[in-house]
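Engineer: Contents of structure04.cif (mmCIF, C-alpha atoms) are below:
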data_start
#
loop_
_atom_site.label_atom_id
_atom_site.label_comp_id
_atom_site.auth_asym_id
_atom_site.auth_seq_id
_atom_site.Cartn_x
_atom_site.Cartn_y
_atom_site.Cartn_z
CA MET M 24 0.00 0.00 0.00
CA ASN M 25 1.35 3.45 -0.97
CA LEU M 26 0.69 5.55 2.16
CA ARG M 27 0.38 9.13 0.88
CA ILE M 28 -0.97 10.85 3.97
CA PRO M 29 0.75 13.57 6.02
CA GLY M 30 1.20 11.25 8.98
CA PRO M 31 1.77 8.66 10.20
CA THR M 32 4.30 8.31 7.43
CA PRO M 33 6.00 5.16 6.10
CA VAL M 34 8.74 3.73 8.32
CA PRO M 35 11.81 2.24 6.57
CA ASP M 36 12.33 -1.46 7.24
CA SER M 37 15.60 -0.85 9.08
CA VAL M 38 13.88 1.66 11.37
CA ALA M 39 10.95 -0.66 12.05
CA GLN M 40 13.36 -3.49 12.83
CA ALA M 41 15.29 -1.26 15.23
CA GLY M 42 12.13 -1.00 17.30
CA ALA M 43 12.17 -4.76 17.81
CA ALA M 44 15.44 -4.69 19.77
CA ASP M 45 15.59 -6.22 23.23
CA MET M 46 14.10 -4.03 25.93
CA ILE M 47 16.42 -2.10 28.25
CA ASN M 48 16.13 -0.51 31.67
CA HIS M 49 14.87 3.05 31.23
CA ARG M 50 16.74 3.92 34.45
CA GLY M 51 19.99 2.33 33.30
CA PRO M 52 23.14 3.45 31.48
CA GLU M 53 22.03 2.13 28.06
CA PHE M 54 18.98 4.38 28.07
CA ALA M 55 21.02 7.32 29.35
CA ASP M 56 23.30 6.95 26.32
CA LEU M 57 20.30 6.65 24.00
CA ILE M 58 18.45 9.73 25.22
CA LYS M 59 21.63 11.81 25.31
CA ARG M 60 22.54 10.85 21.74
CA SER M 61 19.01 11.38 20.40
CA THR M 62 18.55 14.71 22.17
CA THR M 63 21.86 16.02 20.83
CA GLN M 64 20.97 15.02 17.27
CA LEU M 65 17.45 16.43 17.53
CA LYS M 66 18.92 19.75 18.60
CA GLU M 67 21.02 19.75 15.43
CA VAL M 68 17.89 19.35 13.31
CA PHE M 69 16.06 21.99 15.34
CA GLU M 70 19.16 24.18 14.85
CA THR M 71 19.16 25.10 18.51
CA GLU M 72 21.28 25.23 21.62
CA ASN M 73 18.13 25.48 23.72
CA ASP M 74 16.89 22.74 26.03
CA LEU M 75 15.03 20.01 24.16
CA PHE M 76 12.87 17.21 25.52
CA ILE M 77 11.61 13.93 24.10
CA LEU M 78 8.11 13.27 25.43
CA THR M 79 6.15 10.05 25.09
CA ALA M 80 3.12 11.56 23.38
CA SER M 81 1.68 12.52 20.03
CA GLY M 82 2.32 15.93 18.53
CA THR M 83 -0.81 17.13 20.29
CA GLY M 84 0.83 16.16 23.57
CA GLY M 85 3.68 18.47 22.66
CA MET M 86 1.17 21.24 21.98
CA GLU M 87 -0.48 20.64 25.33
CA ALA M 88 2.90 20.70 27.08
CA ALA M 89 3.71 24.03 25.45
CA VAL M 90 0.46 25.57 26.66
CA ALA M 91 0.45 23.99 30.13
CA ASN M 92 3.95 25.25 30.86
CA HIS M 93 3.66 28.74 29.40
CA VAL M 94 0.07 29.97 29.73
CA ASN M 95 -1.67 31.03 32.95
CA ALA M 96 -5.39 30.71 33.59
CA GLY M 97 -7.12 33.92 32.51
CA GLU M 98 -4.17 35.01 30.36
CA LYS M 99 -4.90 36.42 26.92
CA VAL M 100 -3.08 34.53 24.18
CA LEU M 101 -2.94 35.31 20.47
CA VAL M 102 -3.55 32.15 18.44
CA VAL M 103 -2.87 32.49 14.72
CA THR M 104 -4.93 29.93 12.81
CA VAL M 105 -4.66 28.93 9.16
CA GLY M 106 -6.32 25.54 9.51
CA VAL M 107 -7.64 22.80 11.77
CA PHE M 108 -4.46 22.34 13.82
CA GLY M 109 -4.19 26.03 14.60
CA LYS M 110 -7.73 25.80 15.93
CA ARG M 111 -6.63 22.87 18.08
CA PHE M 112 -4.30 25.31 19.85
CA VAL M 113 -7.35 27.47 20.58
CA GLU M 114 -9.08 24.50 22.22
CA ILE M 115 -6.03 23.61 24.31
CA VAL M 116 -5.65 27.18 25.59
CA ARG M 117 -9.32 27.17 26.62
CA VAL M 118 -8.96 23.85 28.46
CA PHE M 119 -6.14 25.32 30.54
CA GLY M 120 -8.22 28.36 31.40
CA GLY M 121 -6.50 30.79 29.07
CA ASN M 122 -8.28 33.41 27.01
CA PRO M 123 -7.48 32.69 23.34
CA ILE M 124 -7.72 35.62 20.96
CA GLU M 125 -8.04 33.84 17.63
CA LEU M 126 -6.63 35.56 14.56
CA ASP M 127 -7.97 33.36 11.82
CA PHE M 128 -7.10 33.37 8.16
CA GLU M 129 -9.02 31.88 5.28
CA PHE M 130 -8.19 28.20 4.86
CA GLY M 131 -5.69 27.84 2.04
CA ARG M 132 -3.95 31.13 2.79
CA ALA M 133 -0.88 31.85 4.89
CA ALA M 134 -0.90 34.19 7.87
CA ASP M 135 -0.30 37.88 7.17
CA PRO M 136 2.35 39.23 9.59
CA ASN M 137 0.85 42.72 9.32
CA ARG M 138 -2.42 41.49 10.80
CA ILE M 139 -0.49 39.78 13.60
CA GLU M 140 1.18 43.07 14.47
CA GLU M 141 -2.17 44.87 14.35
CA ALA M 142 -3.61 42.30 16.78
CA LEU M 143 -0.72 42.82 19.19
CA GLN M 144 -1.18 46.57 18.95
CA GLN M 145 -4.87 46.15 19.74
CA HIS M 146 -4.25 43.75 22.65
CA SER M 147 -1.24 45.28 24.37
CA ASP M 148 -1.50 42.86 27.30
CA ILE M 149 -0.80 39.75 25.20
CA ARG M 150 2.55 38.13 25.99
CA VAL M 151 2.18 34.74 24.27
CA VAL M 152 1.62 34.03 20.56
CA LEU M 153 0.90 30.59 19.10
CA VAL M 154 1.34 29.81 15.42
CA THR M 155 1.41 26.74 13.16
CA HIS M 156 4.42 26.69 10.85
CA ASN M 157 3.11 24.05 8.46
CA GLU M 158 -0.64 23.37 8.42
CA THR M 159 -1.28 19.86 7.13
CA SER M 160 -5.06 20.33 7.01
CA THR M 161 -4.71 22.90 4.22
CA GLY M 162 -1.25 22.23 2.76
CA VAL M 163 -0.03 25.72 3.69
CA THR M 164 3.35 26.77 5.10
CA ASN M 165 3.71 30.05 6.96
CA ASN M 166 6.94 31.04 5.23
CA ASP M 167 7.09 34.37 7.08
CA LEU M 168 7.85 32.73 10.42
CA LYS M 169 11.02 34.80 10.91
CA ILE M 170 9.03 38.01 10.33
CA VAL M 171 6.39 36.81 12.80
CA SER M 172 9.14 36.14 15.32
CA ASP M 173 10.61 39.61 14.85
CA ILE M 174 7.18 41.10 15.52
CA CYS M 175 6.76 38.98 18.64
CA GLN M 176 10.19 40.04 19.91
CA SER M 177 9.35 43.72 19.39
CA TYR M 178 6.20 43.30 21.50
CA ASP M 179 7.99 41.19 24.13
CA CYS M 180 5.85 38.14 23.34
CA LEU M 181 6.78 34.51 23.78
CA LEU M 182 6.42 32.69 20.44
CA ILE M 183 5.24 29.06 20.51
CA VAL M 184 5.50 27.25 17.18
CA ASP M 185 3.81 24.06 16.06
CA ALA M 186 6.47 22.69 13.69
CA ILE M 187 5.15 19.13 13.99
CA SER M 188 4.90 18.55 10.24
CA SER M 189 7.72 20.82 9.09
CA LEU M 190 10.75 20.08 11.25
CA SER M 191 13.00 17.45 9.63
CA SER M 192 11.44 18.14 6.21
CA ILE M 193 11.45 21.95 5.92
CA PRO M 194 14.17 24.13 7.50
CA VAL M 195 13.32 25.51 10.94
CA LYS M 196 16.07 27.72 12.35
CA THR M 197 15.03 27.80 15.97
CA ASP M 198 17.83 29.97 17.36
CA GLU M 199 18.43 32.18 14.33
CA TRP M 200 14.72 32.98 14.09
CA GLU M 201 14.40 33.36 17.90
CA LEU M 202 11.62 30.80 18.28
CA ASP M 203 10.94 30.31 21.98
CA VAL M 204 9.05 27.01 22.07
CA VAL M 205 9.12 24.64 19.10
CA ILE M 206 7.20 21.36 18.82
CA SER M 207 7.55 18.39 16.49
CA GLY M 208 6.43 14.75 16.39
CA SER M 209 7.98 11.43 15.42
CA GLN M 210 5.23 10.33 13.03
CA LYS M 211 5.95 13.01 10.43
CA GLY M 212 9.22 13.61 8.57
CA TRP M 213 11.27 11.76 11.16
CA MET M 214 10.43 8.37 9.55
CA THR M 215 9.52 6.93 12.95
CA ALA M 216 6.37 5.39 14.37
CA PRO M 217 3.93 7.61 16.28
CA GLY M 218 4.56 8.05 19.98
CA LEU M 219 7.16 10.76 20.54
CA ALA M 220 6.85 14.54 20.75
CA PHE M 221 9.83 16.90 20.79
CA VAL M 222 9.74 20.28 22.52
CA SER M 223 12.52 22.87 22.66
CA CYS M 224 12.48 25.77 25.14
CA SER M 225 14.48 29.01 25.10
CA GLU M 226 15.71 30.92 28.14
CA LYS M 227 12.82 33.31 27.61
CA ALA M 228 10.46 30.33 27.73
CA TRP M 229 11.93 29.21 31.06
CA GLU M 230 11.43 32.72 32.45
CA LYS M 231 7.75 32.51 31.47
CA ASN M 232 7.51 28.97 32.81
CA ALA M 233 8.57 30.20 36.25
CA LEU M 234 5.58 32.58 36.30
CA VAL M 235 2.98 30.00 35.28
CA THR M 236 0.80 28.34 37.92
CA SER M 237 -1.30 26.18 35.59
CA PRO M 238 -1.48 22.58 36.85
CA ARG M 239 0.63 20.00 35.04
CA PHE M 240 2.06 16.66 35.96
CA TYR M 241 2.83 14.38 33.01
CA PHE M 242 3.82 17.33 30.82
CA ASP M 243 5.87 19.23 33.41
CA LEU M 244 8.87 20.41 31.38
CA LEU M 245 10.86 21.49 34.45
CA LYS M 246 10.56 17.95 35.76
CA ALA M 247 11.63 16.66 32.32
CA LYS M 248 14.69 18.93 32.51
CA ASP M 249 15.68 17.59 35.93
CA TYR M 250 15.36 13.98 34.80
CA LEU M 251 17.18 14.56 31.52
CA ALA M 252 20.19 15.71 33.53
CA MET M 253 20.22 12.17 34.96
CA GLY M 254 19.77 10.56 31.53
CA GLN M 255 16.17 9.65 32.27
CA THR M 256 12.56 10.70 31.76
CA PRO M 257 10.09 11.37 34.60
CA SER M 258 7.87 8.43 33.62
CA THR M 259 8.31 5.34 31.48
CA PRO M 260 9.23 6.38 27.91
CA ALA M 261 8.30 4.64 24.65
CA VAL M 262 11.66 2.86 24.55
CA SER M 263 10.96 0.90 21.36
CA VAL M 264 9.99 4.06 19.47
CA MET M 265 13.16 5.69 20.76
CA PHE M 266 15.15 2.79 19.30
CA GLN M 267 13.49 3.61 15.99
CA LEU M 268 14.24 7.31 16.32
CA ASP M 269 17.89 6.55 17.00
CA LYS M 270 18.11 4.59 13.74
CA ALA M 271 16.10 7.15 11.78
CA LEU M 272 18.35 9.98 12.92
CA LYS M 273 21.39 8.04 11.73
CA ILE M 274 19.77 7.65 8.30
CA MET M 275 18.95 11.35 8.22
CA PHE M 276 22.45 12.48 9.09
CA ASP M 277 23.92 10.05 6.57
CA GLU M 278 21.78 11.72 3.90
CA GLY M 279 22.48 15.23 5.17
CA LEU M 280 19.92 17.77 6.29
CA GLN M 281 20.28 20.05 3.27
CA ASN M 282 19.85 17.06 0.96
CA ILE M 283 16.70 16.12 2.87
CA TYR M 284 15.26 19.61 2.43
CA THR M 285 16.15 19.59 -1.27
CA ARG M 286 14.54 16.19 -1.72
CA HIS M 287 11.34 17.29 -0.04
CA HIS M 288 11.12 20.37 -2.24
CA LYS M 289 11.71 18.25 -5.34
CA HIS M 290 9.00 15.77 -4.41
CA ALA M 291 6.59 18.57 -3.56
CA GLN M 292 7.20 20.17 -6.94
CA MET M 293 6.77 16.80 -8.68
CA THR M 294 3.44 16.40 -6.93
CA ARG M 295 2.21 19.91 -7.69
CA ASP M 296 3.27 19.71 -11.34
CA GLY M 297 1.71 16.25 -11.69
CA VAL M 298 -1.57 17.33 -10.13
CA ARG M 299 -1.81 20.36 -12.41
CA ALA M 300 -1.00 18.18 -15.43
CA LEU M 301 -4.08 16.12 -14.57
CA GLY M 302 -6.19 19.26 -14.76
CA LEU M 303 -6.69 19.54 -11.02
CA GLU M 304 -6.47 22.68 -8.90
CA LEU M 305 -4.28 23.15 -5.84
CA PHE M 306 -6.02 24.39 -2.71
CA ALA M 307 -3.16 26.35 -1.11
CA GLU M 308 -2.48 29.82 -2.43
CA GLU M 309 0.51 30.15 -4.72
CA GLY M 310 3.73 30.79 -2.83
CA SER M 311 2.60 29.17 0.42
CA GLU M 312 2.28 25.56 -0.78
CA SER M 313 3.76 23.09 1.68
CA ASP M 314 6.73 20.91 0.80
CA THR M 315 5.34 18.12 3.00
CA VAL M 316 1.71 17.83 1.87
CA THR M 317 -0.18 19.00 -1.21
CA SER M 318 -3.87 19.84 -0.88
CA VAL M 319 -5.95 19.32 -4.03
CA ARG M 320 -9.49 20.47 -4.76
CA ILE M 321 -11.96 17.70 -5.54
CA PRO M 322 -13.30 18.33 -9.07
CA ASP M 323 -16.96 19.25 -9.52
CA GLY M 324 -19.16 16.22 -9.85
CA ILE M 325 -16.76 13.94 -7.96
CA ASP M 326 -17.65 12.51 -4.55
CA GLY M 327 -14.57 13.18 -2.40
CA LEU M 328 -15.11 10.23 -0.04
CA GLU M 329 -15.70 7.84 -2.94
CA PHE M 330 -12.51 9.11 -4.58
CA LEU M 331 -10.50 8.20 -1.47
CA GLU M 332 -12.08 4.75 -1.25
CA ILE M 333 -11.46 3.86 -4.90
CA ALA M 334 -7.85 5.07 -4.76
CA ARG M 335 -7.26 2.89 -1.70
CA SER M 336 -9.17 -0.26 -2.58
CA GLN M 337 -8.53 -0.44 -6.33
CA PHE M 338 -5.24 1.36 -6.86
CA GLY M 339 -3.39 0.73 -3.61
CA THR M 340 -2.86 4.35 -2.59
CA VAL M 341 -4.05 6.01 0.61
CA PHE M 342 -4.66 9.76 0.43
CA ALA M 343 -5.96 11.88 3.31
CA GLY M 344 -9.31 13.59 3.06
CA GLY M 345 -10.22 17.11 4.02
CA GLN M 346 -10.77 17.95 7.68
CA GLY M 347 -13.45 20.06 9.29
CA PRO M 348 -15.17 22.33 6.75
CA LEU M 349 -12.94 20.92 3.99
CA LYS M 350 -14.26 17.36 4.30
CA GLY M 351 -15.24 16.13 0.84
CA GLN M 352 -13.84 19.28 -0.78
CA ILE M 353 -10.13 18.43 -0.95
CA PHE M 354 -7.80 15.48 -0.69
CA ARG M 355 -4.26 15.65 0.66
CA PHE M 356 -1.19 14.02 -0.87
CA GLY M 357 1.55 13.51 1.73
CA HIS M 358 5.19 13.53 0.59
CA LEU M 359 7.26 13.80 3.74
CA GLY M 360 9.72 11.51 5.43
CA PHE M 361 10.62 8.24 3.72
CA VAL M 362 9.56 9.05 0.13
CA THR M 363 11.00 8.19 -3.28
CA ASP M 364 10.30 9.37 -6.82
CA GLU M 365 8.46 6.10 -7.38
CA HIS M 366 6.10 6.80 -4.48
CA ILE M 367 5.19 10.15 -6.03
CA GLU M 368 4.73 8.68 -9.50
CA GLU M 369 2.56 5.86 -8.14
CA GLY M 370 0.45 8.39 -6.26
CA LEU M 371 -0.09 10.53 -9.33
CA SER M 372 -0.97 7.44 -11.36
CA ALA M 373 -3.52 6.45 -8.72
CA ILE M 374 -5.16 9.86 -8.95
CA GLU M 375 -5.40 9.61 -12.72
CA LYS M 376 -6.79 6.05 -12.70
CA THR M 377 -9.27 6.85 -9.93
CA LEU M 378 -10.65 9.86 -11.82
CA GLN M 379 -10.89 7.79 -15.01
CA LYS M 380 -12.78 5.09 -13.10
CA MET M 381 -15.19 7.63 -11.63
CA HIS M 382 -15.82 9.28 -15.00
CA SER M 383 -16.40 5.99 -16.83
#
Could I get this structure in the form of C-alpha cells?
Structural biologist:
Amino acid sequence: MNLRIPGPTPVPDSVAQAGAADMINHRGPEFADLIKRSTTQLKEVFETENDLFILTASGTGGMEAAVANHVNAGEKVLVVTVGVFGKRFVEIVRVFGGNPIELDFEFGRAADPNRIEEALQQHSDIRVVLVTHNETSTGVTNNDLKIVSDICQSYDCLLIVDAISSLSSIPVKTDEWELDVVISGSQKGWMTAPGLAFVSCSEKAWEKNALVTSPRFYFDLLKAKDYLAMGQTPSTPAVSVMFQLDKALKIMFDEGLQNIYTRHHKHAQMTRDGVRALGLELFAEEGSESDTVTSVRIPDGIDGLEFLEIARSQFGTVFAGGQGPLKGQIFRFGHLGFVTDEHIEEGLSAIEKTLQKMHS
C-alpha cells in the first residue's frame, strides 16, 4: 500500500526493525546513552542550543505541554490559525483556562504578519503568541515565520511554534529565528512510528515557565529537565519508538539535512506539477504551498469520499481527506519523510486512474 498521507508516514524497514530490539532498563546506562545521543541530534535538526525534551506523546501532547507550561489561567493569548491544527491550539488554551484571541485566516492562505502586528497593537497585554508553521489540514506553510518572530520580539511576546509537520522536512532555524518554544512529532518527517513529541524551550520560555501556575504533571517540562540531567525521563518512555528514532536519525544524518530539504522540495514540486497536469487545482495559495503535503481540490461532480475509497481499494494508494469544513472538498497528498520518486509517480498514477474510473 502506498501511504500518501501527512502522517503517520512510512517507516523504513531498518527503522521498524530497530524498534524490535531487546528491551532495556529506562533507568539504566544504556537508556542514558540513548536519550543523550538522540537529544543532541534532535537539537542539530532543530538548529538550537536550547533545552530540548523527548516526550512520550503525540504531537498534540507536545502542543499541550507548550500551553500547560507557558500559559496562565485567565491570560490572553494570540492564536494564529490557518487551519484545523491552529484551531486545536485554541481549544487547548481554553482547556487550561487561558483566554485565546483567535486571529484566523481563510483556509488555504498563509498568515499575514501585518495582521499579527495589528492584533498585538490592539491587545497590548498579550505576551504569548501561538502559530502553526506548516498546516497539514490545508497544505499551507507560513513562510514568514522569521518576520512573525521579529514582531513577537518587538512586542515582548513569547512565540510558541507548532512545527510538527515541518521540522526534519522543511528548514526551521530555531535559534536564528528566535523561536521560543518549538514542537515536532515522530510520526511526520522523522520516519519513525507515532509516539514521541519533541519540545525545545528558550531561556525566555523558562522565564515565562517560572511565572505559570497552571497545573501540570505528566507534561511538566521542568521535571523533564531535571530527569534529563540524569539521563532519564520522569515516567516510562516509549523505549521501542526511541530505538526507531535513533536509527532514523542516523539515516537522516547520513543523507544530510540540506539534501533532505532539497529532496522534499523536489517531491513537492513533482506532486504539484503532476496534479496540475491532470487538470486539477491546488487548494493552497501560490507561494505558500507546503513541501510536505499537497492539498488538491476535488473536481466538480466527484464525490470526495468515494474518490479516497477507490484510490485505496482499487489502486493501492491512501490519500488523506479534508478535515473540518474541507471534508469532501479536498484530498491531501503527503510527501514527507521516507519518500522516493516512485512513491510520487505511483500516487499521481492512482489519482489519474481513480478519476478515469469515476468518469467511466
Engineer: Neighbouring residues of region 318-330 of chain M were defined as those with any atom within 7 Å, considering all atoms listed in the file; residues of the same chain fewer than 2 positions away were excluded. Please report them as a list in words.
Structural biologist: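 Listing them by chain and then by number gives Thr161, Gly162, Leu303, Glu304, Leu305, Phe306, Ala307, Val316, Glu332, Ile333, Ala334, Gly351, Gln352, Ile353, Phe354, Arg355, Phe356 and Thr377 of chain M.
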Engineer: Deliver the residues from the most recent selection as a file, using C-alpha atoms, as a short mmCIF file (atom, residue, chain, number, x, y, z; two decimals), in the coordinates of the input.
Structural biologist:
data_model
loop_
_atom_site.label_atom_id
_atom_site.label_comp_id
_atom_site.auth_asym_id
_atom_site.auth_seq_id
_atom_site.Cartn_x
_atom_site.Cartn_y
_atom_site.Cartn_z
CA THR M 161 -4.71 22.90 4.22
CA GLY M 162 -1.25 22.23 2.76
CA LEU M 303 -6.69 19.54 -11.02
CA GLU M 304 -6.47 22.68 -8.90
CA LEU M 305 -4.28 23.15 -5.84
CA PHE M 306 -6.02 24.39 -2.71
CA ALA M 307 -3.16 26.35 -1.11
CA VAL M 316 1.71 17.83 1.87
CA GLU M 332 -12.08 4.75 -1.25
CA ILE M 333 -11.46 3.86 -4.90
CA ALA M 334 -7.85 5.07 -4.76
CA GLY M 351 -15.24 16.13 0.84
CA GLN M 352 -13.84 19.28 -0.78
CA ILE M 353 -10.13 18.43 -0.95
CA PHE M 354 -7.80 15.48 -0.69
CA ARG M 355 -4.26 15.65 0.66
CA PHE M 356 -1.19 14.02 -0.87
CA THR M 377 -9.27 6.85 -9.93
#
Engineer: From the set M:Ile367, M:Leu143, M:Met381, M:Leu359, which residue has the shortest atom-to-atom contact distance to Leu331 (chain M), counting all atoms listed in the file?
Structural biologist: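 Using all atoms listed in the file, the shortest distance to Leu331 (chain M) belongs to M:Met381.
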Engineer: Please write as a tab-separated table (two decimals) with C-alpha atoms, in the frame of the given file the full residue list that the PyMOL selection byres ((chain M and resi 253-266) around 7) yields on this file.
Structural biologist:
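Ended up saving to selection_15.tsv:
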chain	number	residue	atom	x	y	z
M	41	ALA	CA	15.29	-1.26	15.23
M	42	GLY	CA	12.13	-1.00	17.30
M	43	ALA	CA	12.17	-4.76	17.81
M	49	HIS	CA	14.87	3.05	31.23
M	50	ARG	CA	16.74	3.92	34.45
M	55	ALA	CA	21.02	7.32	29.35
M	58	ILE	CA	18.45	9.73	25.22
M	59	LYS	CA	21.63	11.81	25.31
M	79	THR	CA	6.15	10.05	25.09
M	216	ALA	CA	6.37	5.39	14.37
M	218	GLY	CA	4.56	8.05	19.98
M	246	LYS	CA	10.56	17.95	35.76
M	247	ALA	CA	11.63	16.66	32.32
M	250	TYR	CA	15.36	13.98	34.80
M	251	LEU	CA	17.18	14.56	31.52
M	252	ALA	CA	20.19	15.71	33.53
M	267	GLN	CA	13.49	3.61	15.99
M	268	LEU	CA	14.24	7.31	16.32
M	269	ASP	CA	17.89	6.55	17.00
M	270	LYS	CA	18.11	4.59	13.74
Engineer: Looking at M:Arg132, M:Asn73, M:Ala142, M:Met293, which one is nearest to Lys99 (chain M), with distances taken over all atoms listed in the file?
Structural biologist: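 Result for the nearest residue to Lys99 (chain M): M:Ala142.
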Engineer: Using only C-alpha atoms, which residue out of M:Glu158, M:Asp249, M:Glu125, M:Glu226 lies closest to Pro29 (chain M)?
Structural biologist: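 Of the candidates, the smallest distance to Pro29 (chain M) is held by M:Glu158.
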Engineer: CA of Ala88 (chain M) and CA of Ile183 (chain M) are how many Å apart?
Structural biologist: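 Computing it gives 10.9 Å between the two atoms.
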Engineer: Could you state which residues are captured by the PyMOL selection byres ((chain M and resi 186) around 8) in this file, as a PyMOL selection string?
Structural biologist: chain M and resi 155-157+184-185+187-190+195+205-207
Engineer: Have a look at M:Glu114, M:Val102, M:Thr236, M:Val171 and name the one nearest to Asn137 (chain M); count all atoms listed in the file.
Structural biologist: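 Among M:Glu114, M:Val102, M:Thr236, M:Val171, it is M:Val171 that comes nearest to Asn137 (chain M).
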Engineer: In file coordinates, which residues lie within 10 Å of (-7.3, 12.7, -12.1) using only C-alpha atoms, given as a compact mmCIF listing (two decimals) with C-alpha atoms, in the frame of the given file?
Structural biologist:
# COMPACT_ATOMS: atom_id res chain seq x y z
CA GLY M 297 1.71 16.25 -11.69
CA VAL M 298 -1.57 17.33 -10.13
CA ARG M 299 -1.81 20.36 -12.41
CA ALA M 300 -1.00 18.18 -15.43
CA LEU M 301 -4.08 16.12 -14.57
CA GLY M 302 -6.19 19.26 -14.76
CA LEU M 303 -6.69 19.54 -11.02
CA ILE M 321 -11.96 17.70 -5.54
CA PRO M 322 -13.30 18.33 -9.07
CA PHE M 330 -12.51 9.11 -4.58
CA LEU M 371 -0.09 10.53 -9.33
CA SER M 372 -0.97 7.44 -11.36
CA ALA M 373 -3.52 6.45 -8.72
CA ILE M 374 -5.16 9.86 -8.95
CA GLU M 375 -5.40 9.61 -12.72
CA LYS M 376 -6.79 6.05 -12.70
CA THR M 377 -9.27 6.85 -9.93
CA LEU M 378 -10.65 9.86 -11.82
CA GLN M 379 -10.89 7.79 -15.01
CA LYS M 380 -12.78 5.09 -13.10
CA MET M 381 -15.19 7.63 -11.63
CA HIS M 382 -15.82 9.28 -15.00
Engineer: Within 9 Å of Asp167 (chain M), counting only C-alpha atoms, which residues show up once you throw out same-chain ones fewer than 4 positions away? Write them as a PyMOL selection string, please.
Structural biologist: chain M and resi 133-136+156+171-172
Engineer: Selected residues, C-alpha atoms, written as a PDB file, in the coordinates of the input, please.
Structural biologist:
ATOM      1  CA  ALA M 133      -0.880  31.850   4.890  1.00  0.00           C
ATOM      2  CA  ALA M 134      -0.900  34.190   7.870  1.00  0.00           C
ATOM      3  CA  ASP M 135      -0.300  37.880   7.170  1.00  0.00           C
ATOM      4  CA  PRO M 136       2.350  39.230   9.590  1.00  0.00           C
ATOM      5  CA  HIS M 156       4.420  26.690  10.850  1.00  0.00           C
ATOM      6  CA  VAL M 171       6.390  36.810  12.800  1.00  0.00           C
ATOM      7  CA  SER M 172       9.140  36.140  15.320  1.00  0.00           C
TER       8      SER M 172
END
Engineer: Hey, can you check how far CA of Glu53 (chain M) sits from CA of Ser37 (chain M)?
Structural biologist: 20.3 Å
Engineer: When the PyMOL selection byres ((chain M and resi 196) around 8) is applied to the file above, which residues end up in the set, as a PyMOL selection string?
Structural biologist: chain M and resi 69-71+194-195+197-200
Engineer: Around (14.9, 23.0, 22.4), as given in the file, which residues come within 8 Å? Count only C-alpha atoms and list them as an NGL selection string.
Structural biologist: :M and (66 or 69 or 71-76 or 204-205 or 222-225)
Engineer: One decimal, Å: what's the distance from CA of Thr159 (chain M) over to CA of Val107 (chain M), could you say?
Structural biologist: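 Separating CA of Thr159 (chain M) from CA of Val107 (chain M) is a distance of 8.4 Å.
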Engineer: Find the spatial neighbours of Ala80 (chain M), counting all atoms listed in the file, within a cut-off of 7 Å - ignore same-chain residues fewer than 2 positions away - and output them as a list in words.
Structural biologist: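 Skipping anything fewer than 2 positions along the chain leaves Leu78, Gly82, Gly84, Gly85, Gly218, Leu219 and Ala220 of chain M.
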Engineer: Give me the residues near Gly106 (chain M) as JSON, numbers by chain, where near means some atom within 6 Å (using only C-alpha atoms) and where sequence neighbours in that chain fewer than 2 positions away do not count.
Structural biologist: {"M": [104, 108, 109, 130, 160]}
Engineer: With the input short on atoms, add N, CA and C atoms back to region 279-291 of chain M and write it as an mmCIF file, keeping the file's coordinate frame.
Structural biologist:
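Result file follows (rebuild.cif):
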data_model
loop_
_atom_site.group_PDB
_atom_site.id
_atom_site.type_symbol
_atom_site.label_atom_id
_atom_site.label_comp_id
_atom_site.auth_asym_id
_atom_site.auth_seq_id
_atom_site.Cartn_x
_atom_site.Cartn_y
_atom_site.Cartn_z
ATOM 1 N N GLY M 279 22.156 13.809 5.052
ATOM 2 C CA GLY M 279 22.480 15.230 5.170
ATOM 3 C C GLY M 279 21.230 16.077 5.183
ATOM 4 N N LEU M 280 21.143 16.992 6.125
ATOM 5 C CA LEU M 280 19.920 17.770 6.290
ATOM 6 C C LEU M 280 19.576 18.587 5.059
ATOM 7 N N GLN M 281 20.575 19.237 4.446
ATOM 8 C CA GLN M 281 20.280 20.050 3.270
ATOM 9 C C GLN M 281 19.775 19.176 2.128
ATOM 10 N N ASN M 282 20.330 17.979 1.994
ATOM 11 C CA ASN M 282 19.850 17.060 0.960
ATOM 12 C C ASN M 282 18.410 16.636 1.240
ATOM 13 N N ILE M 283 18.078 16.471 2.504
ATOM 14 C CA ILE M 283 16.700 16.120 2.870
ATOM 15 C C ILE M 283 15.750 17.238 2.475
ATOM 16 N N TYR M 284 16.126 18.483 2.763
ATOM 17 C CA TYR M 284 15.260 19.610 2.430
ATOM 18 C C TYR M 284 15.102 19.734 0.906
ATOM 19 N N THR M 285 16.201 19.521 0.191
ATOM 20 C CA THR M 285 16.150 19.590 -1.270
ATOM 21 C C THR M 285 15.255 18.496 -1.830
ATOM 22 N N ARG M 286 15.378 17.299 -1.268
ATOM 23 C CA ARG M 286 14.540 16.190 -1.720
ATOM 24 C C ARG M 286 13.067 16.462 -1.476
ATOM 25 N N HIS M 287 12.745 16.995 -0.319
ATOM 26 C CA HIS M 287 11.340 17.290 -0.040
ATOM 27 C C HIS M 287 10.785 18.348 -0.995
ATOM 28 N N HIS M 288 11.590 19.345 -1.302
ATOM 29 C CA HIS M 288 11.120 20.370 -2.240
ATOM 30 C C HIS M 288 10.919 19.763 -3.626
ATOM 31 N N LYS M 289 11.827 18.885 -4.029
ATOM 32 C CA LYS M 289 11.710 18.250 -5.340
ATOM 33 C C LYS M 289 10.441 17.403 -5.417
ATOM 34 N N HIS M 290 10.185 16.615 -4.392
ATOM 35 C CA HIS M 290 9.000 15.770 -4.410
ATOM 36 C C HIS M 290 7.717 16.590 -4.337
ATOM 37 N N ALA M 291 7.763 17.691 -3.599
ATOM 38 C CA ALA M 291 6.590 18.570 -3.560
ATOM 39 C C ALA M 291 6.313 19.165 -4.935
#
